[in-house]
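Student: My questions will all concern the structure given below.
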Amino acid sequence: MTALAFPLAVLLGWALVRALRPAPESGPAWARVLLEWSLGASVGIGLSSLMYFVLLWAGVANRGLVLAAEAALLVLFLVAGGGRRRAGGSARLSTVECVLLPVLLVGLVPVALGWKALVEARPHGQWDAFAIWNLRARYLAGADGAWRHAVSPELVYTRPDYPLLIPAFVAGAWSAAGDQEPSTAVPIALAAIFAASAMGLLISSVALLQGAGPAMLAGLVMLSGRSWLFESASLGADVPLSFYLLAALALILLADRRRGPLLLAGLAASLAAWTKNEGSVFLALVLGLFPLIDRGRWIHLAAGAAPGTLLVLGFKLFLAPANYLATAQSTAGALSQLLEADRYGAIAKQFGIVLLGFGQGLFHPLALLALVAAAHGMRRGWFGDPRWRFAAALISLLAASYLGVYLVTPFDVRWQVSTSMARLACQLWPAALLIAFRSLRPPVETAPPA
Amino acid sequence: MTAREATRLLLAGTAAVLALAAAFDFFFWTGRYGRENPDAIDWRRQQDAWRAIRSAVPPGEPIAWLGENPEGDSEFHLARYLAAPGLLVPAAQLGGAQWFVGRIPVEKAERGGLVAVRTLESGLTLFRWRR
């Protein structure tokens, strides 16, 4: 049954994505297929996690029931998607693209081998993986109501208010196996799927927006982000969150006049909220700011976000203890901390360390991004493009919210920035790359989707 | 091909080659990382220890962790992970517990009411007190 958990979830997500047709009809067929599978794999995992937790909460958790529900939804989505096969744009690659493609494929090999070495060295992941995420998964997979330990106030030091997308999916796969010692293969496979999905989604969405050449360069620049690759092998929740942030923004940038892309964007934003608390801030920003660029179709975005948002709200209102910012900090204390100059200094210093450490010397992703920008130049009217501005504002405001938390945290700020800022940077990295590539001039100027 | 196009190609090509170099650099770095940061946790031994503890303690019986400042102690969080789905809590928060575990010398714990002591291969010690 464990063997079924992954393929069924991935197929479920793929069928939903395919039914909602997120890619513009004119894009190259390979990019549409890559987008559907990349998006589908991780959206399916999110849906599976939602269903498992809802059944657990309802007291009827039974892996057989979850698999049956997933299978029923799969059939529904396959029927809704129909047998349509759309003709795409030309799949022919230019000479430059023919050179870049093998470079990208060759680059994936050492990255995959290095990633494998990291997870073999730490099969239970880094500290956050076993002290927070997989600890919860063990509780959720436990018998006789042990799942409630996942939100026990006893876990105060390891944040019992954190949402449960990763633990609930892992628990679902573990409970199907019924082994006494849960296998590390499940969280490792999950991390691999999220990393590969993020890479595939970045490449395919840049291909659909900007063309195949920039897409391959985007993939190559992503490979140079050592911190992000390391974080994905740490088996935490930051890279999965980075996937959902990227997915929501890519779908909003790709959205044409159909409702499908926005429904999926809303769903991705709500899955971000089910992954980490930072995702809830992102969801609120997406829903709050979208009317500024398209008031008429906000309802599609909100409809897509509804199921995940309802679960997150229910979880926060009825199950999760309060967050440490609410229990360990007073308003007066927070306000007085805003005036402490040395906090800003500590945050700025750590930001420099994180930025420099994100890559390595000459191969630093920002250096590569500067070269790519110099090669392409900026797209005509990029700054006036409302969707680009929306995406850039969203990520900037999310980063500003991280800064706000550091300023008012009740903990020692030096400890908190040194243990978390690199992970927060990883959350934003794929979305920031998408925004950067969207501002560049495509090899052949193309109009943005209407 | 114009000089401008050639310059663009050169810049994009340089970026691609550097990214490829970064990918190989990541591969070699992971090897160094593994050597310089060996996993200090002997997972198999720890899991065996917790399997023994779970088999010694009746299902549903709470276990408390003995030790100072357990929340700041990595050992405690590792033990809590391995003890799951049982909920391991600091001893100070579980007054009525019969079962205690921790990495403390047996002689320190040998006082009234102690009915069972079992030192495990991992170095953890399991105690049972009379209620």
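For the structure tokens, the naming scheme is as follows: chains receive sequential letters (A, B, ...) according to their order of presentation, residues are indexed from 1 within each chain, and ligands are indexed from 1 in presentation order.
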Neighbours of range 32-39 of chain B within 8 Å (only C-alpha atoms; same-chain residues fewer than 2 positions away dropped), as a list in words?
Tutor: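 With the cut-off at 8 Å, the set is Ala117, Leu118, Ala121 and Arg122 of chain A; Phe28, Trp29, Thr30, Ile41 and Asp42 of chain B.
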Student: Selected residues, N, CA and C atoms, written as a PDB file, in the first residue's frame, please.
Tutor:
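Written output follows (again34.pdb):
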```
ATOM      1  N   ALA A 117      24.111  11.814  -1.937  1.00  0.00           N
ATOM      2  CA  ALA A 117      25.138  11.655  -0.893  1.00  0.00           C
ATOM      3  C   ALA A 117      24.697  12.333   0.397  1.00  0.00           C
ATOM      4  N   LEU A 118      24.055  13.500   0.267  1.00  0.00           N
ATOM      5  CA  LEU A 118      23.612  14.221   1.476  1.00  0.00           C
ATOM      6  C   LEU A 118      22.549  13.437   2.235  1.00  0.00           C
ATOM      7  N   ALA A 121      23.970  10.491   4.012  1.00  0.00           N
ATOM      8  CA  ALA A 121      24.718  10.853   5.215  1.00  0.00           C
ATOM      9  C   ALA A 121      23.771  11.171   6.371  1.00  0.00           C
ATOM     10  N   ARG A 122      22.610  11.756   6.058  1.00  0.00           N
ATOM     11  CA  ARG A 122      21.620  12.132   7.092  1.00  0.00           C
ATOM     12  C   ARG A 122      20.256  11.572   6.695  1.00  0.00           C
TER      13      ARG A 122
ATOM     14  N   PHE B  28      31.189  17.935  -5.450  1.00  0.00           N
ATOM     15  CA  PHE B  28      32.410  17.754  -4.650  1.00  0.00           C
ATOM     16  C   PHE B  28      32.217  18.308  -3.232  1.00  0.00           C
ATOM     17  N   TRP B  29      31.455  19.391  -3.126  1.00  0.00           N
ATOM     18  CA  TRP B  29      31.194  19.980  -1.802  1.00  0.00           C
ATOM     19  C   TRP B  29      30.411  19.007  -0.916  1.00  0.00           C
ATOM     20  N   THR B  30      29.447  18.285  -1.493  1.00  0.00           N
ATOM     21  CA  THR B  30      28.675  17.341  -0.676  1.00  0.00           C
ATOM     22  C   THR B  30      29.574  16.246  -0.114  1.00  0.00           C
ATOM     23  N   ILE B  41      24.988  10.981  15.172  1.00  0.00           N
ATOM     24  CA  ILE B  41      23.945  10.106  15.729  1.00  0.00           C
ATOM     25  C   ILE B  41      24.082   8.704  15.148  1.00  0.00           C
ATOM     26  N   ASP B  42      24.214   7.738  16.017  1.00  0.00           N
ATOM     27  CA  ASP B  42      24.203   6.345  15.575  1.00  0.00           C
ATOM     28  C   ASP B  42      22.728   5.915  15.555  1.00  0.00           C
TER      29      ASP B  42
END
```
Student: Which residues of chain B sit at most 10 Å from chain A, using only C-alpha atoms? Give each one's shortest atom pair and distance in Å (one decimal place), in chain and ascending residue order, as JSON lines.
Tutor:
```
{"residue": "B:Arg4", "atom": "CA", "partner": "A:Ala375", "partner_atom": "CA", "distance": 9.3}
{"residue": "B:Glu5", "atom": "CA", "partner": "A:Ala375", "partner_atom": "CA", "distance": 8.7}
{"residue": "B:Ala6", "atom": "CA", "partner": "A:Ala375", "partner_atom": "CA", "distance": 9.6}
{"residue": "B:Thr7", "atom": "CA", "partner": "A:Ala375", "partner_atom": "CA", "distance": 7.3}
{"residue": "B:Arg8", "atom": "CA", "partner": "A:Ala375", "partner_atom": "CA", "distance": 4.2}
{"residue": "B:Leu9", "atom": "CA", "partner": "A:Ala375", "partner_atom": "CA", "distance": 6.9}
{"residue": "B:Leu10", "atom": "CA", "partner": "A:Ala375", "partner_atom": "CA", "distance": 7.9}
{"residue": "B:Leu11", "atom": "CA", "partner": "A:Ala375", "partner_atom": "CA", "distance": 5.3}
{"residue": "B:Ala12", "atom": "CA", "partner": "A:Val372", "partner_atom": "CA", "distance": 5.5}
{"residue": "B:Gly13", "atom": "CA", "partner": "A:Leu100", "partner_atom": "CA", "distance": 8.2}
{"residue": "B:Thr14", "atom": "CA", "partner": "A:Leu371", "partner_atom": "CA", "distance": 7.7}
{"residue": "B:Ala15", "atom": "CA", "partner": "A:Leu368", "partner_atom": "CA", "distance": 5.2}
{"residue": "B:Ala16", "atom": "CA", "partner": "A:Leu220", "partner_atom": "CA", "distance": 6.5}
{"residue": "B:Val17", "atom": "CA", "partner": "A:Val103", "partner_atom": "CA", "distance": 7.8}
{"residue": "B:Leu18", "atom": "CA", "partner": "A:Phe363", "partner_atom": "CA", "distance": 5.6}
{"residue": "B:Ala19", "atom": "CA", "partner": "A:Leu220", "partner_atom": "CA", "distance": 5.5}
{"residue": "B:Leu20", "atom": "CA", "partner": "A:Gly107", "partner_atom": "CA", "distance": 5.2}
{"residue": "B:Ala21", "atom": "CA", "partner": "A:Phe363", "partner_atom": "CA", "distance": 7.0}
{"residue": "B:Ala22", "atom": "CA", "partner": "A:Ser224", "partner_atom": "CA", "distance": 5.1}
{"residue": "B:Ala23", "atom": "CA", "partner": "A:Gly107", "partner_atom": "CA", "distance": 5.5}
{"residue": "B:Phe24", "atom": "CA", "partner": "A:Pro110", "partner_atom": "CA", "distance": 5.6}
{"residue": "B:Asp25", "atom": "CA", "partner": "A:Gln360", "partner_atom": "CA", "distance": 8.3}
{"residue": "B:Phe26", "atom": "CA", "partner": "A:Val111", "partner_atom": "CA", "distance": 6.5}
{"residue": "B:Phe27", "atom": "CA", "partner": "A:Gly114", "partner_atom": "CA", "distance": 4.4}
{"residue": "B:Phe28", "atom": "CA", "partner": "A:Gly114", "partner_atom": "CA", "distance": 7.4}
{"residue": "B:Trp29", "atom": "CA", "partner": "A:Gly114", "partner_atom": "CA", "distance": 8.0}
{"residue": "B:Thr30", "atom": "CA", "partner": "A:Gly114", "partner_atom": "CA", "distance": 5.5}
{"residue": "B:Gly31", "atom": "CA", "partner": "A:Ala117", "partner_atom": "CA", "distance": 7.2}
{"residue": "B:Tyr33", "atom": "CA", "partner": "A:Leu118", "partner_atom": "CA", "distance": 8.2}
{"residue": "B:Gly34", "atom": "CA", "partner": "A:Ala121", "partner_atom": "CA", "distance": 6.4}
{"residue": "B:Arg35", "atom": "CA", "partner": "A:Ala121", "partner_atom": "CA", "distance": 9.4}
{"residue": "B:Asn37", "atom": "CA", "partner": "A:Ala121", "partner_atom": "CA", "distance": 9.2}
{"residue": "B:Pro38", "atom": "CA", "partner": "A:Ala121", "partner_atom": "CA", "distance": 7.4}
{"residue": "B:Asp39", "atom": "CA", "partner": "A:Arg122", "partner_atom": "CA", "distance": 6.5}
{"residue": "B:Ala40", "atom": "CA", "partner": "A:Arg122", "partner_atom": "CA", "distance": 9.8}
{"residue": "B:Ile41", "atom": "CA", "partner": "A:Arg122", "partner_atom": "CA", "distance": 9.2}
{"residue": "B:Trp43", "atom": "CA", "partner": "A:His124", "partner_atom": "CA", "distance": 8.5}
{"residue": "B:Gln47", "atom": "CA", "partner": "A:Glu181", "partner_atom": "CA", "distance": 8.1}
{"residue": "B:Asp48", "atom": "CA", "partner": "A:Glu181", "partner_atom": "CA", "distance": 9.9}
{"residue": "B:Arg51", "atom": "CA", "partner": "A:Glu181", "partner_atom": "CA", "distance": 8.5}
{"residue": "B:Gly60", "atom": "CA", "partner": "A:Asp144", "partner_atom": "CA", "distance": 9.1}
{"residue": "B:Glu71", "atom": "CA", "partner": "A:Tyr157", "partner_atom": "CA", "distance": 6.3}
{"residue": "B:Gly72", "atom": "CA", "partner": "A:Tyr157", "partner_atom": "CA", "distance": 8.3}
{"residue": "B:Ser74", "atom": "CA", "partner": "A:Trp127", "partner_atom": "CA", "distance": 8.5}
{"residue": "B:Phe76", "atom": "CA", "partner": "A:Ala131", "partner_atom": "CA", "distance": 9.5}
{"residue": "B:His77", "atom": "CA", "partner": "A:Ala131", "partner_atom": "CA", "distance": 5.7}
{"residue": "B:Leu78", "atom": "CA", "partner": "A:Ala131", "partner_atom": "CA", "distance": 6.7}
{"residue": "B:Ala79", "atom": "CA", "partner": "A:Ala131", "partner_atom": "CA", "distance": 9.3}
{"residue": "B:Arg80", "atom": "CA", "partner": "A:Leu135", "partner_atom": "CA", "distance": 7.7}
{"residue": "B:Tyr81", "atom": "CA", "partner": "A:Leu135", "partner_atom": "CA", "distance": 5.0}
{"residue": "B:Leu82", "atom": "CA", "partner": "A:Leu135", "partner_atom": "CA", "distance": 8.1}
{"residue": "B:Ala83", "atom": "CA", "partner": "A:Leu135", "partner_atom": "CA", "distance": 9.2}
{"residue": "B:Ala84", "atom": "CA", "partner": "A:Arg138", "partner_atom": "CA", "distance": 5.8}
{"residue": "B:Pro85", "atom": "CA", "partner": "A:Tyr139", "partner_atom": "CA", "distance": 4.6}
{"residue": "B:Gly86", "atom": "CA", "partner": "A:Ala146", "partner_atom": "CA", "distance": 7.3}
{"residue": "B:Leu87", "atom": "CA", "partner": "A:His149", "partner_atom": "CA", "distance": 6.5}
{"residue": "B:Leu88", "atom": "CA", "partner": "A:Glu154", "partner_atom": "CA", "distance": 8.8}
{"residue": "B:Val89", "atom": "CA", "partner": "A:Glu154", "partner_atom": "CA", "distance": 6.7}
{"residue": "B:Pro90", "atom": "CA", "partner": "A:Glu154", "partner_atom": "CA", "distance": 8.7}
{"residue": "B:Gln93", "atom": "CA", "partner": "A:Glu154", "partner_atom": "CA", "distance": 8.5}
```
Student: Which residues, written as a list in words, have at least one atom at most 10 Å from Ile53 in chain B, with only C-alpha atoms counted and residues fewer than 6 positions away on the same chain left out?
Tutor: Gln47, Ile63, Ala83, Trp99, Val101, Arg118, Leu120, Leu124, Thr125 and Leu126 of chain B
Student: What would the file look like if the residues just selected were written as a PDB file, in the first residue's frame with N, CA and C atoms?
Tutor:
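Result written to selection.pdb:
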```pdb
ATOM      1  N   GLN B  47      17.760   3.665  17.610  1.00  0.00           N
ATOM      2  CA  GLN B  47      16.441   3.071  17.341  1.00  0.00           C
ATOM      3  C   GLN B  47      16.266   1.769  18.110  1.00  0.00           C
ATOM      4  N   ILE B  63       6.218   8.379  29.413  1.00  0.00           N
ATOM      5  CA  ILE B  63       7.635   8.328  29.800  1.00  0.00           C
ATOM      6  C   ILE B  63       8.114   9.769  29.916  1.00  0.00           C
ATOM      7  N   ALA B  83      11.086   8.174  20.412  1.00  0.00           N
ATOM      8  CA  ALA B  83      10.073   7.632  21.317  1.00  0.00           C
ATOM      9  C   ALA B  83       8.673   7.695  20.713  1.00  0.00           C
ATOM     10  N   TRP B  99       7.479   6.082  34.632  1.00  0.00           N
ATOM     11  CA  TRP B  99       8.647   5.709  33.830  1.00  0.00           C
ATOM     12  C   TRP B  99       9.452   6.943  33.464  1.00  0.00           C
ATOM     13  N   VAL B 101      13.298   8.240  31.615  1.00  0.00           N
ATOM     14  CA  VAL B 101      14.452   7.833  30.840  1.00  0.00           C
ATOM     15  C   VAL B 101      15.382   9.027  30.720  1.00  0.00           C
ATOM     16  N   ARG B 118      17.258  -0.041  34.219  1.00  0.00           N
ATOM     17  CA  ARG B 118      17.772  -0.793  33.093  1.00  0.00           C
ATOM     18  C   ARG B 118      18.663   0.135  32.270  1.00  0.00           C
ATOM     19  N   LEU B 120      20.662   0.893  29.085  1.00  0.00           N
ATOM     20  CA  LEU B 120      20.586   0.382  27.721  1.00  0.00           C
ATOM     21  C   LEU B 120      21.915   0.555  27.015  1.00  0.00           C
ATOM     22  N   LEU B 124      21.409   5.271  27.428  1.00  0.00           N
ATOM     23  CA  LEU B 124      20.208   5.773  28.096  1.00  0.00           C
ATOM     24  C   LEU B 124      19.872   4.841  29.259  1.00  0.00           C
ATOM     25  N   THR B 125      19.270   5.400  30.299  1.00  0.00           N
ATOM     26  CA  THR B 125      18.862   4.581  31.437  1.00  0.00           C
ATOM     27  C   THR B 125      17.360   4.725  31.645  1.00  0.00           C
ATOM     28  N   LEU B 126      16.714   3.585  31.815  1.00  0.00           N
ATOM     29  CA  LEU B 126      15.271   3.579  32.005  1.00  0.00           C
ATOM     30  C   LEU B 126      14.983   3.252  33.471  1.00  0.00           C
TER      31      LEU B 126
END
```
Student: Env of Phe6 in chain A: 9 Å cut, atoms = only C-alpha atoms, seq-sep filter 3 positions within chain, self excluded. Answer as a ChimeraX atom specification.
Tutor: /A:2-3,9-11,41,44-45,173,186,189-190
Student: Write out the residues from the selection above, keeping C-alpha atoms, as a PDB file, in the first residue's frame.
Tutor:
```pdb
ATOM      1  CA  THR A   2       2.934   2.395   0.655  1.00  0.00           C
ATOM      2  CA  ALA A   3       3.998   1.867  -2.921  1.00  0.00           C
ATOM      3  CA  ALA A   9      -1.119  11.205  -5.230  1.00  0.00           C
ATOM      4  CA  VAL A  10       0.983  12.246  -8.214  1.00  0.00           C
ATOM      5  CA  LEU A  11      -1.594  10.948 -10.707  1.00  0.00           C
ATOM      6  CA  ALA A  41       3.070  15.860  -8.536  1.00  0.00           C
ATOM      7  CA  GLY A  44      -1.385  15.872  -5.645  1.00  0.00           C
ATOM      8  CA  ILE A  45       0.787  15.335  -2.580  1.00  0.00           C
ATOM      9  CA  ALA A 173       2.365   6.587   3.568  1.00  0.00           C
ATOM     10  CA  VAL A 186       9.146   8.177   2.457  1.00  0.00           C
ATOM     11  CA  ALA A 189      11.252  10.461  -1.763  1.00  0.00           C
ATOM     12  CA  LEU A 190       8.957  13.335  -0.811  1.00  0.00           C
TER      13      LEU A 190
END
```
Student: Report as a ChimeraX atom specification: the residues of range 41-87 of chain B with a DSSP assignment of strand (DSSP E or B), based on the backbone of this structure.
Tutor: /B:63-66
Student: Do you know which residues are at most 8 Å from Ala268 in chain A counting only C-alpha atoms, after dropping those on the same chain fewer than 3 positions away, and could you put them as a list in words?
Tutor: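 Residues near the query, excluding close chain neighbours: Val43, Tyr244, Leu245, Ala247, Ala248, Leu264, Ala265, Leu271, Ala272 and Ala305 of chain A.
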Student: Show which residues sit within 10 Å of Leu289 in chain A, as a list in words. Count only C-alpha atoms, and ignore same-chain residues fewer than 3 positions away.
Tutor: Leu283, Ala284, Leu285, Val286, Leu292, Ile293, Asp294, Arg295, Trp298, Phe390, Ala391, Ala393 and Leu394 of chain A
Student: Would you please work out which residue, of B:Trp50, B:Arg45, B:Gly102, B:Ala3, is nearest to Trp65 in chain B when using only C-alpha atoms?
Tutor: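 Result for the nearest residue to Trp65 in chain B: B:Gly102.
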Student: Let me make sure I understand: among A:Ala237, A:Ala61, A:Leu366, A:Val17, which one has the smallest atom-to-atom distance to Asn277 in chain A if we use only C-alpha atoms?
Tutor: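 Checking each of A:Ala237, A:Ala61, A:Leu366, A:Val17 against Asn277 in chain A, counting only C-alpha atoms, the winner is A:Ala237.
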Student: Got a sec: who's within 8 Å of Asp161 in chain A, counting only C-alpha atoms, leaving out chain neighbours fewer than 4 positions off, as number ranges by chain?
Tutor: A: 151, 316, 320-323
Student: Write the residues you've just listed into a file as an mmCIF file, in the first residue's frame, and include N, CA and C atoms for each of them.
Tutor:
```
data_model
loop_
_atom_site.group_PDB
_atom_site.id
_atom_site.type_symbol
_atom_site.label_atom_id
_atom_site.label_comp_id
_atom_site.auth_asym_id
_atom_site.auth_seq_id
_atom_site.Cartn_x
_atom_site.Cartn_y
_atom_site.Cartn_z
ATOM 1 N N VAL A 151 -0.149 18.143 18.105
ATOM 2 C CA VAL A 151 -0.497 19.531 18.431
ATOM 3 C C VAL A 151 -0.469 19.742 19.947
ATOM 4 N N LYS A 316 -6.040 25.979 12.915
ATOM 5 C CA LYS A 316 -5.533 27.053 13.779
ATOM 6 C C LYS A 316 -6.536 27.396 14.888
ATOM 7 N N ALA A 320 -4.550 23.803 16.974
ATOM 8 C CA ALA A 320 -3.180 24.236 17.234
ATOM 9 C C ALA A 320 -3.104 25.192 18.419
ATOM 10 N N PRO A 321 -2.094 25.030 19.274
ATOM 11 C CA PRO A 321 -1.875 26.036 20.322
ATOM 12 C C PRO A 321 -1.455 27.366 19.675
ATOM 13 N N ALA A 322 -1.480 28.416 20.456
ATOM 14 C CA ALA A 322 -1.111 29.730 19.907
ATOM 15 C C ALA A 322 0.364 29.767 19.544
ATOM 16 N N ASN A 323 0.691 30.589 18.571
ATOM 17 C CA ASN A 323 2.078 30.767 18.138
ATOM 18 C C ASN A 323 2.872 31.517 19.212
#
```
Student: Nearest to Gly288 in chain A among A:Leu397, A:Ala31, A:Ala341, A:Leu241, with distances taken over only C-alpha atoms: which residue is it?
Tutor: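 Ranking A:Leu397, A:Ala31, A:Ala341, A:Leu241 by distance to Gly288 in chain A, first place goes to A:Leu397.
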Student: Using CA of Gly404 in chain A and CA of Thr275 in chain A as the two end points, give the distance in Å to one decimal.
Tutor: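 Separation of CA of Gly404 in chain A and CA of Thr275 in chain A: 20.3 Å.
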Student: Just checking: using only C-alpha atoms, which residue out of A:Leu424, A:Ala68, A:Leu78, A:Leu73 ends up closest to Arg18 in chain A?
Tutor: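 For Arg18 in chain A, the nearest of the candidates is A:Leu78.
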Student: Have a look at CA of Ser439 in chain A and CA of Leu201 in chain A and let me know their distance in Å, one decimal.
Tutor: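 Those two atoms sit 17.5 Å apart.
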Student: Just list as a ChimeraX atom specification whatever in range 33-78 of chain B DSSP marks as alpha helix (DSSP H).
Tutor: /B:33-36,43-56,74-78
Student: Closest to Leu398 in chain A among A:Asn62, A:Phe282, A:Arg21, A:Ala212, using only C-alpha atoms?
Tutor: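 So, comparing all the options, the nearest one is A:Phe282.
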Student: Please compute the CA of Phe53 in chain A-CA of Ser175 in chain A distance, one decimal, in Å.
Tutor: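 According to the coordinates, CA of Phe53 in chain A and CA of Ser175 in chain A are separated by 12.4 Å.
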